[in-house]
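Source file: query-v3.csv; contents: CSV, C-alpha atoms.
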```csv
chain,number,residue,atom,x,y,z
A,954,MET,CA,110.2,135.8,138.7
A,955,PRO,CA,112.0,132.6,140.0
A,956,GLU,CA,115.7,132.3,139.2
A,957,VAL,CA,117.8,129.3,138.4
A,958,ALA,CA,121.5,128.8,137.8
A,959,LEU,CA,122.9,126.1,135.6
A,960,THR,CA,126.3,124.9,136.7
A,961,PHE,CA,128.6,122.4,135.1
A,962,ASP,CA,131.4,120.5,136.9
A,963,ASP,CA,134.7,118.7,136.0
A,964,GLY,CA,135.6,120.3,132.7
A,965,PRO,CA,136.8,121.4,130.4
A,966,HIS,CA,136.3,118.6,127.9
A,967,PRO,CA,136.9,119.2,124.2
A,968,LEU,CA,133.7,117.4,123.1
A,969,HIS,CA,131.2,117.7,125.9
A,970,THR,CA,131.9,121.2,127.0
A,971,ARG,CA,131.6,122.5,123.4
A,972,ALA,CA,128.3,120.6,123.0
A,973,VAL,CA,127.0,122.3,126.1
A,974,LEU,CA,128.2,125.7,124.9
A,975,GLU,CA,126.3,125.1,121.6
A,976,ARG,CA,123.1,124.5,123.4
A,977,LEU,CA,123.5,127.4,125.8
A,978,ASP,CA,124.1,129.6,122.8
A,979,LYS,CA,121.1,128.2,121.0
A,980,PHE,CA,118.8,129.0,123.9
A,981,GLY,CA,120.6,132.3,125.0
A,982,VAL,CA,121.2,131.0,128.5
A,983,PRO,CA,124.2,131.8,130.7
A,984,ALA,CA,125.9,129.2,132.9
A,985,THR,CA,128.8,128.7,135.3
A,986,PHE,CA,131.5,126.1,134.7
A,987,PHE,CA,133.5,124.7,137.6
A,988,VAL,CA,136.8,123.6,136.0
A,989,VAL,CA,139.4,121.2,137.2
A,990,GLY,CA,142.9,122.5,137.0
A,991,LYS,CA,144.4,119.4,135.3
A,992,ASN,CA,141.8,119.6,132.6
A,993,VAL,CA,142.4,123.4,132.2
A,994,ARG,CA,146.0,122.6,131.5
A,995,ARG,CA,145.0,120.0,128.9
A,996,HIS,CA,142.4,122.0,127.1
A,997,PRO,CA,143.0,125.7,127.7
A,998,GLU,CA,141.3,126.7,124.4
A,999,VAL,CA,138.0,125.3,125.7
A,1000,VAL,CA,138.3,127.6,128.8
A,1001,ARG,CA,138.9,130.6,126.6
A,1002,GLU,CA,135.9,129.7,124.4
A,1003,THR,CA,133.7,129.3,127.5
A,1004,HIS,CA,134.7,132.7,128.8
A,1005,LEU,CA,134.3,134.4,125.4
A,1006,ALA,CA,130.8,133.0,125.2
A,1007,GLY,CA,129.9,135.0,128.3
A,1008,HIS,CA,129.8,132.3,130.9
A,1009,SER,CA,131.3,132.3,134.3
A,1010,ILE,CA,134.3,130.2,135.3
A,1011,GLY,CA,134.6,128.7,138.8
A,1012,ASN,CA,137.3,126.7,140.5
A,1013,HIS,CA,136.8,123.0,141.2
A,1014,SER,CA,140.3,122.2,142.6
A,1015,PHE,CA,143.2,120.9,140.6
A,1016,GLY,CA,142.9,117.1,140.7
A,1017,HIS,CA,139.3,116.5,141.9
A,1018,GLN,CA,140.5,114.2,144.6
A,1019,PHE,CA,139.0,113.4,148.0
A,1020,LEU,CA,140.3,116.0,150.5
A,1021,SER,CA,141.7,113.2,152.7
A,1022,THR,CA,144.2,112.4,149.9
A,1023,VAL,CA,145.4,115.9,149.4
A,1024,PHE,CA,144.8,117.2,152.9
A,1025,GLY,CA,147.8,119.4,153.2
A,1026,LYS,CA,147.8,120.6,149.6
A,1027,ILE,CA,144.1,121.4,148.7
A,1028,PHE,CA,144.4,125.1,149.4
A,1029,GLU,CA,147.6,125.4,147.3
A,1030,GLU,CA,146.1,123.4,144.5
A,1031,THR,CA,143.0,125.6,144.5
A,1032,GLN,CA,145.3,128.7,144.2
A,1033,ARG,CA,147.2,126.9,141.4
A,1034,THR,CA,144.0,126.3,139.5
A,1035,GLN,CA,142.9,129.9,139.9
A,1036,GLU,CA,146.2,131.0,138.5
A,1037,LEU,CA,145.7,128.8,135.5
A,1038,ILE,CA,142.2,130.2,134.9
A,1039,GLU,CA,143.2,133.8,135.2
A,1040,ALA,CA,146.3,133.3,133.0
A,1041,LEU,CA,143.8,132.3,130.3
A,1042,VAL,CA,140.9,134.7,130.7
A,1043,GLY,CA,142.1,137.4,133.1
A,1044,PRO,CA,140.8,138.3,136.5
A,1045,VAL,CA,137.5,136.7,137.4
A,1046,PRO,CA,135.4,136.3,140.5
A,1047,LYS,CA,137.0,133.6,142.7
A,1048,VAL,CA,134.3,131.0,143.4
A,1049,PHE,CA,135.2,127.6,144.7
A,1050,ARG,CA,133.2,124.4,144.6
A,1051,SER,CA,134.8,121.6,146.6
A,1052,PRO,CA,135.0,118.1,145.1
A,1053,TYR,CA,132.4,115.8,146.5
A,1054,GLY,CA,131.0,118.8,148.5
A,1055,MET,CA,133.5,118.5,151.3
A,1056,SER,CA,134.8,121.8,152.8
A,1057,PRO,CA,136.1,121.6,156.3
A,1058,PRO,CA,136.2,124.8,158.4
A,1059,TRP,CA,139.9,125.2,158.2
A,1060,LEU,CA,139.8,125.2,154.4
A,1061,LEU,CA,136.9,127.6,154.3
A,1062,ASP,CA,138.8,130.0,156.5
A,1063,LYS,CA,141.8,129.9,154.2
A,1064,LEU,CA,139.6,130.3,151.1
A,1065,TYR,CA,137.7,133.2,152.5
A,1066,GLY,CA,141.0,134.9,153.5
A,1067,ALA,CA,142.2,134.5,149.9
A,1068,GLY,CA,139.0,136.2,148.6
A,1069,PHE,CA,137.1,133.1,147.5
A,1070,ALA,CA,133.3,132.7,147.7
A,1071,ILE,CA,132.1,129.1,148.3
A,1072,ALA,CA,129.5,127.7,146.0
A,1073,PRO,CA,126.9,125.6,147.8
A,1074,THR,CA,127.0,122.0,146.9
A,1075,MET,CA,125.0,120.2,149.6
A,1076,GLN,CA,122.3,122.9,149.2
A,1077,ALA,CA,122.2,122.6,145.4
A,1078,LEU,CA,120.2,120.2,143.2
A,1079,ARG,CA,122.4,117.3,142.4
A,1080,VAL,CA,120.9,114.7,140.1
A,1081,GLY,CA,123.6,112.0,139.8
A,1082,ASP,CA,124.4,112.6,136.2
A,1083,CYS,CA,128.0,111.8,136.9
A,1084,PHE,CA,127.2,108.2,137.5
A,1085,PRO,CA,127.6,105.6,134.7
A,1086,GLY,CA,124.6,104.5,132.8
A,1087,ILE,CA,122.3,107.3,133.7
A,1088,SER,CA,119.8,108.1,131.0
A,1089,THR,CA,118.8,111.5,129.5
A,1090,ASP,CA,115.2,110.9,130.7
A,1091,THR,CA,116.4,110.4,134.3
A,1092,VAL,CA,118.5,113.6,134.2
A,1093,VAL,CA,115.5,115.6,132.9
A,1094,ARG,CA,113.1,114.1,135.4
A,1095,ARG,CA,115.3,114.7,138.4
A,1096,VAL,CA,116.0,118.3,137.4
A,1097,LEU,CA,112.4,119.2,136.7
A,1098,GLU,CA,111.1,117.5,139.8
A,1099,GLY,CA,113.8,119.0,142.1
A,1100,VAL,CA,114.1,122.5,140.9
A,1101,GLY,CA,112.9,125.2,143.3
A,1102,LYS,CA,113.1,129.0,143.5
A,1103,SER,CA,116.7,130.3,143.3
A,1104,SER,CA,117.9,126.8,142.7
A,1105,ILE,CA,121.5,125.9,141.8
A,1106,ILE,CA,121.5,122.9,139.4
A,1107,VAL,CA,124.6,120.8,139.4
A,1108,LEU,CA,125.4,119.0,136.1
A,1109,HIS,CA,128.6,117.5,134.8
A,1110,GLU,CA,130.0,118.0,131.3
A,1111,GLY,CA,133.6,117.2,132.2
A,1112,LEU,CA,135.3,113.9,133.1
A,1113,ALA,CA,137.3,114.4,136.3
A,1114,ASN,CA,139.1,111.1,136.0
A,1115,GLY,CA,139.1,110.9,132.2
A,1116,ARG,CA,136.6,108.1,131.9
A,1117,GLY,CA,132.9,107.8,130.8
A,1118,THR,CA,130.6,110.1,128.8
A,1119,ARG,CA,128.4,113.0,129.5
A,1120,THR,CA,126.0,112.5,126.6
A,1121,ALA,CA,122.9,112.2,128.8
A,1122,SER,CA,123.7,115.5,130.6
A,1123,VAL,CA,124.2,117.3,127.3
A,1124,ARG,CA,121.1,116.0,125.6
A,1125,ALA,CA,119.0,116.7,128.7
A,1126,LEU,CA,119.5,120.5,128.2
A,1127,ASP,CA,117.4,120.4,125.1
A,1128,ARG,CA,114.4,119.6,127.3
A,1129,ILE,CA,115.3,121.2,130.6
A,1130,ILE,CA,115.9,124.7,129.4
A,1131,PRO,CA,112.7,125.1,127.4
A,1132,GLU,CA,110.6,123.6,130.3
A,1133,LEU,CA,112.1,125.8,132.9
A,1134,ARG,CA,111.4,128.8,130.7
A,1135,ASN,CA,107.8,127.7,130.3
A,1136,ARG,CA,107.6,127.6,134.1
A,1137,GLY,CA,108.8,131.2,134.2
A,1138,TYR,CA,112.4,130.8,135.4
A,1139,GLU,CA,115.0,133.3,134.6
A,1140,PHE,CA,118.5,131.9,134.0
A,1141,LYS,CA,121.4,133.5,135.9
A,1142,THR,CA,125.1,132.8,136.3
A,1143,LEU,CA,125.9,131.5,139.8
A,1144,ASN,CA,127.6,134.8,140.6
A,1145,GLU,CA,124.4,136.7,139.8
A,1146,LEU,CA,122.3,134.3,141.7
A,1147,MET,CA,124.5,134.5,144.8
A,1148,ASP,CA,124.3,138.2,144.7
A,1149,SER,CA,120.6,138.4,144.4
A,1150,SER,CA,119.3,135.5,146.6
A,1151,GLY,CA,119.4,133.9,150.0
A,1152,TYR,CA,122.3,131.8,148.8
A,1153,ARG,CA,124.5,134.8,149.6
A,1154,GLN,CA,124.5,133.9,153.3
A,1155,LEU,CA,125.8,130.4,152.5
A,1156,VAL,CA,128.7,131.4,150.4
A,1157,TYR,CA,130.2,134.6,151.9
A,1158,PRO,CA,131.8,135.0,155.4
```
Would it be possible to restate this file's structure as structure tokens?
Amino acid sequence: MPEVALTFDDGPHPLHTRAVLERLDKFGVPATFFVVGKNVRRHPEVVRETHLAGHSIGNHSFGHQFLSTVFGKIFEETQRTQELIEALVGPVPKVFRSPYGMSPPWLLDKLYGAGFAIAPTMQALRVGDCFPGISTDTVVRRVLEGVGKSSIIVLHEGLANGRGTRTASVRALDRIIPELRNRGYEFKTLNELMDSSGYRQLVYP
């Protein structure tokens, strides 16, 4: 049976994250949420709700900035975000997804040394749902056309810079999840997928 992992970036967000959680609960599907530290600090209750609903929490940096702007601080900011997560939900697997998919070797070495796994970004299915004006139909079409065996789907329910909406991404789930089930896909958290698929060689040293 082919496997797929739904992942959501840039949260938590008090409206959109909860709307995603409602749909995941409706369909009985697990997911992985890559949270931004500054948003965790603003909306800690949403992180707790996500964890209590049985979903995985990953680390998406503290400020979601280009690495060139926080070059000497990104590792410390990642550690800071992990501390915020674990203060809310307890110890969890340490999985990092770099903002904009940029992970230079020196950063990977530090993260591996601190016990992090690295979530694939460039190898994952990204559909551009973070860009303004994208429609629900476009999100659905891009996911269903691009999904493959053991795929990691990257969607966005949070707002890294506090602007915009994620309505299209949220509504797309009502069509994406049933169709993938019809195609025989089994939904996994990213941690489960990494442990059971070829992605493991991409994310562990």
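Distances from A:His996, A:His1013, A:Lys1141, A:Arg1119 to Asp963 of chain A were compared using all atoms listed in the file, and the smallest one belongs to A:His1013.
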Selection: 6 Å around Phe1069 of chain A, only C-alpha atoms, excl. self and same-chain fewer than 5 positions, as a list of chain:residue names: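 Returned residues: A:Lys1047, A:Val1048, A:Leu1064.
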Atomic separation - atom CA of Lys1026 of chain A relative to atom CA of Phe987 of chain A, Å: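 Between atom CA of Phe987 of chain A and atom CA of Lys1026 of chain A the gap works out to 19.1 Å.
Distances from A:Thr960, A:Gln1032, A:Ser1051, A:Thr970 to Val999 of chain A were compared using only C-alpha atoms, and the smallest one belongs to A:Thr970.
One finds atom CA of Glu1002 of chain A at 11.6 Å from atom CA of His966 of chain A.
Nearest to Ser1122 of chain A of all the residues A:Ser1009, A:Gln1035, A:Thr985, A:Thr1089 is A:Thr1089, counting only C-alpha atoms.
In this model, the gap between atom CA of Val1042 of chain A and atom CA of His1017 of chain A comes to 21.4 Å.
Remark: for Val1107 of chain A, the closest of the candidate residues A:Pro967, A:Pro997, A:Pro1131, A:Gly1054 is A:Gly1054 (distances computed over only C-alpha atoms).
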Extending 5 Å beyond the listed atoms of segment 1009-1012 of chain A on each side, what axis-aligned box results? I want centre and edge lengths in Å to one decimal, as JSON.
```
{"center_x": 134.3, "center_y": 129.5, "center_z": 137.4, "size_x": 16.0, "size_y": 15.6, "size_z": 16.2}
```
8 Å contact set for Leu959 of chain A, all atoms listed in the file, chain neighbours under 2 positions out, as a PyMOL selection string: chain A and resi 957+961+983-985+1105-1108+1140-1143
Take the residues from that selection and put them in a file with C-alpha atoms, as an mmCIF file, in the frame of the given file.
```
data_model
loop_
_atom_site.group_PDB
_atom_site.id
_atom_site.type_symbol
_atom_site.label_atom_id
_atom_site.label_comp_id
_atom_site.auth_asym_id
_atom_site.auth_seq_id
_atom_site.Cartn_x
_atom_site.Cartn_y
_atom_site.Cartn_z
ATOM 1 C CA VAL A 957 117.800 129.300 138.400
ATOM 2 C CA PHE A 961 128.600 122.400 135.100
ATOM 3 C CA PRO A 983 124.200 131.800 130.700
ATOM 4 C CA ALA A 984 125.900 129.200 132.900
ATOM 5 C CA THR A 985 128.800 128.700 135.300
ATOM 6 C CA ILE A 1105 121.500 125.900 141.800
ATOM 7 C CA ILE A 1106 121.500 122.900 139.400
ATOM 8 C CA VAL A 1107 124.600 120.800 139.400
ATOM 9 C CA LEU A 1108 125.400 119.000 136.100
ATOM 10 C CA PHE A 1140 118.500 131.900 134.000
ATOM 11 C CA LYS A 1141 121.400 133.500 135.900
ATOM 12 C CA THR A 1142 125.100 132.800 136.300
ATOM 13 C CA LEU A 1143 125.900 131.500 139.800
#
```
Pick from A:Arg1095, A:Arg1050, A:His1109, A:Arg971 nearest to Ile1071 of chain A, counting only C-alpha atoms: A:Arg1050
For Val993 of chain A, the nearest of the candidates A:Pro1052, A:Gly1111, A:Gly1066, A:Gly1137, counting only C-alpha atoms: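 Closest candidate: A:Gly1111.
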Non-local contacts of Ile1038 of chain A (9 Å; only C-alpha atoms; under 6 positions in same chain excluded) as an MDAnalysis selection string: chainID A and resid 988 990 993 997 1000:1001 1010:1012 1044:1045
